[in-house]
file run06.cif (mmCIF, C-alpha atoms and all ligand atoms)
data_run
#
loop_
_atom_site.group_PDB
_atom_site.id
_atom_site.type_symbol
_atom_site.label_atom_id
_atom_site.label_comp_id
_atom_site.auth_asym_id
_atom_site.auth_seq_id
_atom_site.Cartn_x
_atom_site.Cartn_y
_atom_site.Cartn_z
ATOM 1 C CA MET P 27 32.377 -40.043 12.708
ATOM 2 C CA GLY P 28 30.284 -37.513 14.630
ATOM 3 C CA ILE P 29 29.352 -38.217 18.221
ATOM 4 C CA ARG P 30 27.279 -36.133 20.623
ATOM 5 C CA PRO P 31 29.254 -34.152 23.193
ATOM 6 C CA LEU P 32 29.229 -35.488 26.736
ATOM 7 C CA LYS P 33 27.904 -33.340 29.579
ATOM 8 C CA LYS P 34 29.932 -35.259 32.198
ATOM 9 C CA ASP P 35 33.660 -35.351 32.852
ATOM 10 C CA LEU P 36 34.635 -39.015 32.569
ATOM 11 C CA GLY P 37 37.507 -38.416 34.984
ATOM 12 C CA GLU P 38 34.907 -38.318 37.788
ATOM 13 C CA TYR P 39 34.279 -42.032 37.280
ATOM 14 C CA GLU P 40 36.404 -44.885 38.602
ATOM 15 C CA ARG P 41 35.760 -47.004 35.523
ATOM 16 C CA ILE P 42 34.068 -46.624 32.145
ATOM 17 C CA VAL P 43 32.447 -49.599 30.403
ATOM 18 C CA LEU P 44 32.257 -49.416 26.588
ATOM 19 C CA CYS P 45 30.232 -51.935 24.668
ATOM 20 C CA GLY P 46 30.268 -52.478 20.908
ATOM 21 C CA PRO P 47 31.281 -54.748 18.046
ATOM 22 C CA VAL P 48 34.795 -55.316 16.722
ATOM 23 C CA TRP P 49 35.383 -54.586 13.033
ATOM 24 C CA MET P 50 38.682 -55.529 11.409
ATOM 25 C CA GLY P 51 40.321 -55.773 14.807
ATOM 26 C CA LYS P 52 39.306 -52.272 15.860
ATOM 27 C CA PHE P 53 36.544 -50.438 17.677
ATOM 28 C CA VAL P 54 33.698 -49.494 15.298
ATOM 29 C CA PRO P 55 34.059 -45.867 14.025
ATOM 30 C CA PRO P 56 31.784 -44.212 16.655
ATOM 31 C CA LEU P 57 33.781 -45.866 19.457
ATOM 32 C CA GLN P 58 37.038 -44.798 17.768
ATOM 33 C CA SER P 59 35.750 -41.191 17.720
ATOM 34 C CA PHE P 60 34.690 -41.504 21.351
ATOM 35 C CA MET P 61 38.124 -42.781 22.394
ATOM 36 C CA LYS P 62 39.913 -40.071 20.377
ATOM 37 C CA ARG P 63 37.859 -37.350 22.014
ATOM 38 C CA TYR P 64 37.440 -38.684 25.541
ATOM 39 C CA GLY P 65 39.992 -41.482 25.993
ATOM 40 C CA HIS P 66 42.395 -39.196 27.890
ATOM 41 C CA GLN P 67 39.719 -38.663 30.588
ATOM 42 C CA ILE P 68 39.199 -42.371 31.282
ATOM 43 C CA ASN P 69 40.770 -43.757 34.460
ATOM 44 C CA HIS P 70 40.042 -47.426 33.794
ATOM 45 C CA LEU P 71 38.456 -48.781 30.605
ATOM 46 C CA VAL P 72 36.500 -52.029 30.422
ATOM 47 C CA PHE P 73 35.550 -53.054 26.862
ATOM 48 C CA VAL P 74 32.691 -55.518 26.432
ATOM 49 C CA THR P 75 32.085 -56.974 22.985
ATOM 50 C CA CYS P 76 30.464 -59.759 21.091
ATOM 51 C CA CYS P 77 32.591 -60.521 18.067
ATOM 52 C CA GLY P 78 33.430 -63.166 15.504
ATOM 53 C CA SER P 79 36.497 -64.359 17.394
ATOM 54 C CA THR P 80 36.941 -66.328 20.621
ATOM 55 C CA PHE P 81 38.830 -65.712 23.847
ATOM 56 C CA LYS P 82 41.311 -68.420 22.796
ATOM 57 C CA ASN P 83 42.112 -66.395 19.648
ATOM 58 C CA LYS P 84 42.172 -63.012 21.370
ATOM 59 C CA ASP P 85 45.787 -62.390 20.305
ATOM 60 C CA ASP P 86 45.092 -63.055 16.611
ATOM 61 C CA LYS P 87 45.367 -60.267 14.032
ATOM 62 C CA PHE P 88 41.721 -59.198 14.074
ATOM 63 C CA LEU P 89 41.238 -59.141 17.809
ATOM 64 C CA GLY P 90 44.808 -58.794 19.026
ATOM 65 C CA GLU P 91 45.033 -55.099 18.081
ATOM 66 C CA LEU P 92 42.374 -54.341 20.679
ATOM 67 C CA ALA P 93 44.202 -56.222 23.373
ATOM 68 C CA ASN P 94 47.328 -54.098 22.808
HETATM 69 C C1 LIG P 101 32.697 -55.453 8.640
HETATM 70 C C2 LIG P 101 32.860 -56.401 9.811
HETATM 71 C C3 LIG P 101 34.119 -56.640 10.324
HETATM 72 C C4 LIG P 101 34.297 -57.524 11.408
HETATM 73 N N1 LIG P 101 35.551 -57.724 11.915
HETATM 74 C C5 LIG P 101 35.725 -58.567 12.965
HETATM 75 C C6 LIG P 101 37.043 -58.795 13.499
HETATM 76 O O1 LIG P 101 38.038 -58.251 13.046
HETATM 77 N N2 LIG P 101 37.169 -59.642 14.551
HETATM 78 C C7 LIG P 101 36.088 -60.275 15.098
HETATM 79 O O2 LIG P 101 36.291 -61.034 16.036
HETATM 80 N N3 LIG P 101 34.836 -60.068 14.626
HETATM 81 C C8 LIG P 101 34.625 -59.247 13.563
HETATM 82 N N4 LIG P 101 33.364 -59.040 13.052
HETATM 83 C C9 LIG P 101 32.221 -59.681 13.720
HETATM 84 C C10 LIG P 101 31.498 -58.618 14.533
HETATM 85 O O3 LIG P 101 32.228 -58.289 15.681
HETATM 86 C C11 LIG P 101 30.092 -59.087 14.859
HETATM 87 O O4 LIG P 101 29.410 -59.049 13.654
HETATM 88 C C12 LIG P 101 29.479 -58.156 15.887
HETATM 89 O O5 LIG P 101 29.902 -58.553 17.154
HETATM 90 C C13 LIG P 101 27.996 -58.067 15.855
HETATM 91 O O6 LIG P 101 27.408 -59.337 15.968
HETATM 92 P P1 LIG P 101 26.277 -59.741 14.915
HETATM 93 O O7 LIG P 101 26.949 -59.729 13.566
HETATM 94 O O8 LIG P 101 25.823 -61.112 15.335
HETATM 95 O O9 LIG P 101 25.207 -58.700 15.048
HETATM 96 C C14 LIG P 101 33.177 -58.168 11.984
HETATM 97 C C15 LIG P 101 31.904 -57.895 11.453
HETATM 98 C C16 LIG P 101 31.746 -57.047 10.393
HETATM 99 C C17 LIG P 101 30.350 -56.782 9.839
#
call {"tool": "encode", "arguments": {"input": "run06.cif", "output": "structure tokens", "more": "lines below"}}
Ligand SMILES: Cc1cc2nc3c(=O)[nH]c(=O)nc-3n(C[C@H](O)[C@H](O)[C@H](O)COP(=O)(O)O)c2cc1C
result
Amino acid sequence: MGIRPLKKDLGEYERIVLCGPVWMGKFVPPLQSFMKRYGHQINHLVFVTCCGSTFKNKDDKFLGELAN
């Protein structure tokens, strides 16, 4: 999925916070594209989501893939 190019180098930041929903245990397509293109620049990633699962079930199939 197309995303707009960034003007900043993410490596200049201590930590990057991504926020978005979880679909089928994965980042939504725009976040997947973002991570494919810019993930290598990220020093420390914090992912914030609201999703259908719970913290107790974070290791289940449809949330566990993100935790790994
Ligand atoms: C197609 C689709 C797949 C989803 N897959 C998951 C999933 O694998 N795990 C999960 O915890 N929540 C899942 N959800 C719930 C979404 O994360 C949730 O809908 C999202 O956080 C947005 O919240 P909202 O539906 O209240 O707007 C899914 C939702 C949709 C529409």
call {"tool": "residues_near_ligand", "arguments": {"input": "run06.cif", "ligand": "ligand LIG 101 (chain P)", "cutoff": "9 Å", "atoms": "only C-alpha atoms and all ligand atoms", "output": "NGL selection string"}}
result
:P and (46-52 or 54 or 75-80 or 83-84 or 86-90)
call {"tool": "resolve_selection", "arguments": {"input": "run06.cif", "expression": "the PyMOL selection byres (((chain P and resi 36) around 9) and not hetatm)", "output": "VMD selection string"}}
result
chain P and resid 32 34 to 35 37 to 42 64 to 65 67 to 69
call {"tool": "atom_distance", "arguments": {"input": "run06.cif", "atom1": "CA of Met61 (chain P)", "atom2": "CA of Phe81 (chain P)"}}
result
23.0 Å
call {"tool": "closest_residue", "arguments": {"input": "run06.cif", "among": "P:Lys33, P:Leu44, P:His70, P:Asp85", "to": "Gln58 (chain P)", "atoms": "only C-alpha atoms"}}
result
P:Leu44
call {"tool": "atom_distance", "arguments": {"input": "run06.cif", "atom1": "CA of Arg63 (chain P)", "atom2": "CA of Val43 (chain P)"}}
result
15.8 Å
call {"tool": "resolve_selection", "arguments": {"input": "run06.cif", "expression": "the PyMOL selection byres (((chain P and resi 29) around 9) and not hetatm)", "output": "NGL selection string"}}
result
:P and (27-28 or 30-32 or 56-57 or 59-60)
call {"tool": "axis_aligned_box", "arguments": {"input": "run06.cif", "around": "region 44-55 of chain P", "padding_each_side": "5 Å", "output": "lines of an AutoDock Vina configuration file"}}
result
center_x = 35.3
center_y = -50.8
center_z = 19.0
size_x = 20.1
size_y = 19.9
size_z = 25.2
call {"tool": "decode", "arguments": {"input": "run06.cif", "residues": "chain P", "atoms": "C-alpha atoms", "output": "PDB file, in the first residue's frame"}}
result
ATOM      1  CA  MET P  27       0.000   0.000   0.000  1.00  0.00           C
ATOM      2  CA  GLY P  28       1.331   3.451  -0.892  1.00  0.00           C
ATOM      3  CA  ILE P  29       2.590   5.723   1.848  1.00  0.00           C
ATOM      4  CA  ARG P  30       3.982   9.247   1.604  1.00  0.00           C
ATOM      5  CA  PRO P  31       7.763   9.530   1.818  1.00  0.00           C
ATOM      6  CA  LEU P  32       9.176  10.839   5.079  1.00  0.00           C
ATOM      7  CA  LYS P  33      11.303  13.989   5.113  1.00  0.00           C
ATOM      8  CA  LYS P  34      13.026  12.992   8.383  1.00  0.00           C
ATOM      9  CA  ASP P  35      15.533  10.251   9.115  1.00  0.00           C
ATOM     10  CA  LEU P  36      13.935   8.137  11.842  1.00  0.00           C
ATOM     11  CA  GLY P  37      17.392   7.169  13.090  1.00  0.00           C
ATOM     12  CA  GLU P  38      17.643  10.674  14.601  1.00  0.00           C
ATOM     13  CA  TYR P  39      14.952   9.737  17.117  1.00  0.00           C
ATOM     14  CA  GLU P  40      15.437   7.729  20.302  1.00  0.00           C
ATOM     15  CA  ARG P  41      12.041   6.073  19.964  1.00  0.00           C
ATOM     16  CA  ILE P  42       9.215   5.931  17.432  1.00  0.00           C
ATOM     17  CA  VAL P  43       5.601   5.441  18.533  1.00  0.00           C
ATOM     18  CA  LEU P  44       3.272   3.803  15.980  1.00  0.00           C
ATOM     19  CA  CYS P  45      -0.437   3.702  16.588  1.00  0.00           C
ATOM     20  CA  GLY P  46      -2.995   1.672  14.647  1.00  0.00           C
ATOM     21  CA  PRO P  47      -5.381  -1.274  14.675  1.00  0.00           C
ATOM     22  CA  VAL P  48      -4.458  -4.955  14.519  1.00  0.00           C
ATOM     23  CA  TRP P  49      -5.962  -6.986  11.673  1.00  0.00           C
ATOM     24  CA  MET P  50      -5.550 -10.759  11.604  1.00  0.00           C
ATOM     25  CA  GLY P  51      -2.670 -10.520  14.040  1.00  0.00           C
ATOM     26  CA  LYS P  52      -0.715  -8.053  11.921  1.00  0.00           C
ATOM     27  CA  PHE P  53      -0.215  -4.335  11.457  1.00  0.00           C
ATOM     28  CA  VAL P  54      -2.796  -2.872   9.039  1.00  0.00           C
ATOM     29  CA  PRO P  55      -1.390  -2.610   5.452  1.00  0.00           C
ATOM     30  CA  PRO P  56      -0.210   1.049   5.672  1.00  0.00           C
ATOM     31  CA  LEU P  57       1.751   0.253   8.849  1.00  0.00           C
ATOM     32  CA  GLN P  58       3.192  -2.868   7.178  1.00  0.00           C
ATOM     33  CA  SER P  59       4.376  -0.679   4.267  1.00  0.00           C
ATOM     34  CA  PHE P  60       5.798   1.844   6.721  1.00  0.00           C
ATOM     35  CA  MET P  61       7.728  -0.853   8.597  1.00  0.00           C
ATOM     36  CA  LYS P  62       9.010  -2.409   5.350  1.00  0.00           C
ATOM     37  CA  ARG P  63      10.294   0.934   4.133  1.00  0.00           C
ATOM     38  CA  TYR P  64      11.469   2.555   7.355  1.00  0.00           C
ATOM     39  CA  GLY P  65      11.702  -0.204   9.979  1.00  0.00           C
ATOM     40  CA  HIS P  66      15.489  -0.496   9.562  1.00  0.00           C
ATOM     41  CA  GLN P  67      15.868   3.160  10.665  1.00  0.00           C
ATOM     42  CA  ILE P  68      13.974   2.720  13.940  1.00  0.00           C
ATOM     43  CA  ASN P  69      16.062   2.537  17.117  1.00  0.00           C
ATOM     44  CA  HIS P  70      13.242   1.619  19.492  1.00  0.00           C
ATOM     45  CA  LEU P  71       9.649   0.922  18.430  1.00  0.00           C
ATOM     46  CA  VAL P  72       6.640   1.372  20.699  1.00  0.00           C
ATOM     47  CA  PHE P  73       3.370   0.085  19.192  1.00  0.00           C
ATOM     48  CA  VAL P  74       0.113   1.402  20.638  1.00  0.00           C
ATOM     49  CA  THR P  75      -3.123  -0.250  19.559  1.00  0.00           C
ATOM     50  CA  CYS P  76      -6.726  -0.752  20.417  1.00  0.00           C
ATOM     51  CA  CYS P  77      -7.746  -4.194  19.248  1.00  0.00           C
ATOM     52  CA  GLY P  78     -10.255  -6.975  19.743  1.00  0.00           C
ATOM     53  CA  SER P  79      -7.978  -8.935  22.061  1.00  0.00           C
ATOM     54  CA  THR P  80      -6.830  -8.366  25.645  1.00  0.00           C
ATOM     55  CA  PHE P  81      -3.441  -8.136  27.324  1.00  0.00           C
ATOM     56  CA  LYS P  82      -4.113 -11.537  28.927  1.00  0.00           C
ATOM     57  CA  ASN P  83      -4.462 -13.061  25.433  1.00  0.00           C
ATOM     58  CA  LYS P  84      -1.542 -11.180  23.899  1.00  0.00           C
ATOM     59  CA  ASP P  85       0.242 -14.432  22.991  1.00  0.00           C
ATOM     60  CA  ASP P  86      -2.767 -15.875  21.137  1.00  0.00           C
ATOM     61  CA  LYS P  87      -2.659 -16.449  17.373  1.00  0.00           C
ATOM     62  CA  PHE P  88      -4.164 -13.121  16.327  1.00  0.00           C
ATOM     63  CA  LEU P  89      -2.144 -10.898  18.598  1.00  0.00           C
ATOM     64  CA  GLY P  90       0.852 -13.095  19.335  1.00  0.00           C
ATOM     65  CA  GLU P  91       2.416 -12.541  15.893  1.00  0.00           C
ATOM     66  CA  LEU P  92       2.866  -8.875  16.761  1.00  0.00           C
ATOM     67  CA  ALA P  93       4.540  -9.662  20.034  1.00  0.00           C
ATOM     68  CA  ASN P  94       7.162 -11.788  18.244  1.00  0.00           C
TER      69      ASN P  94
END
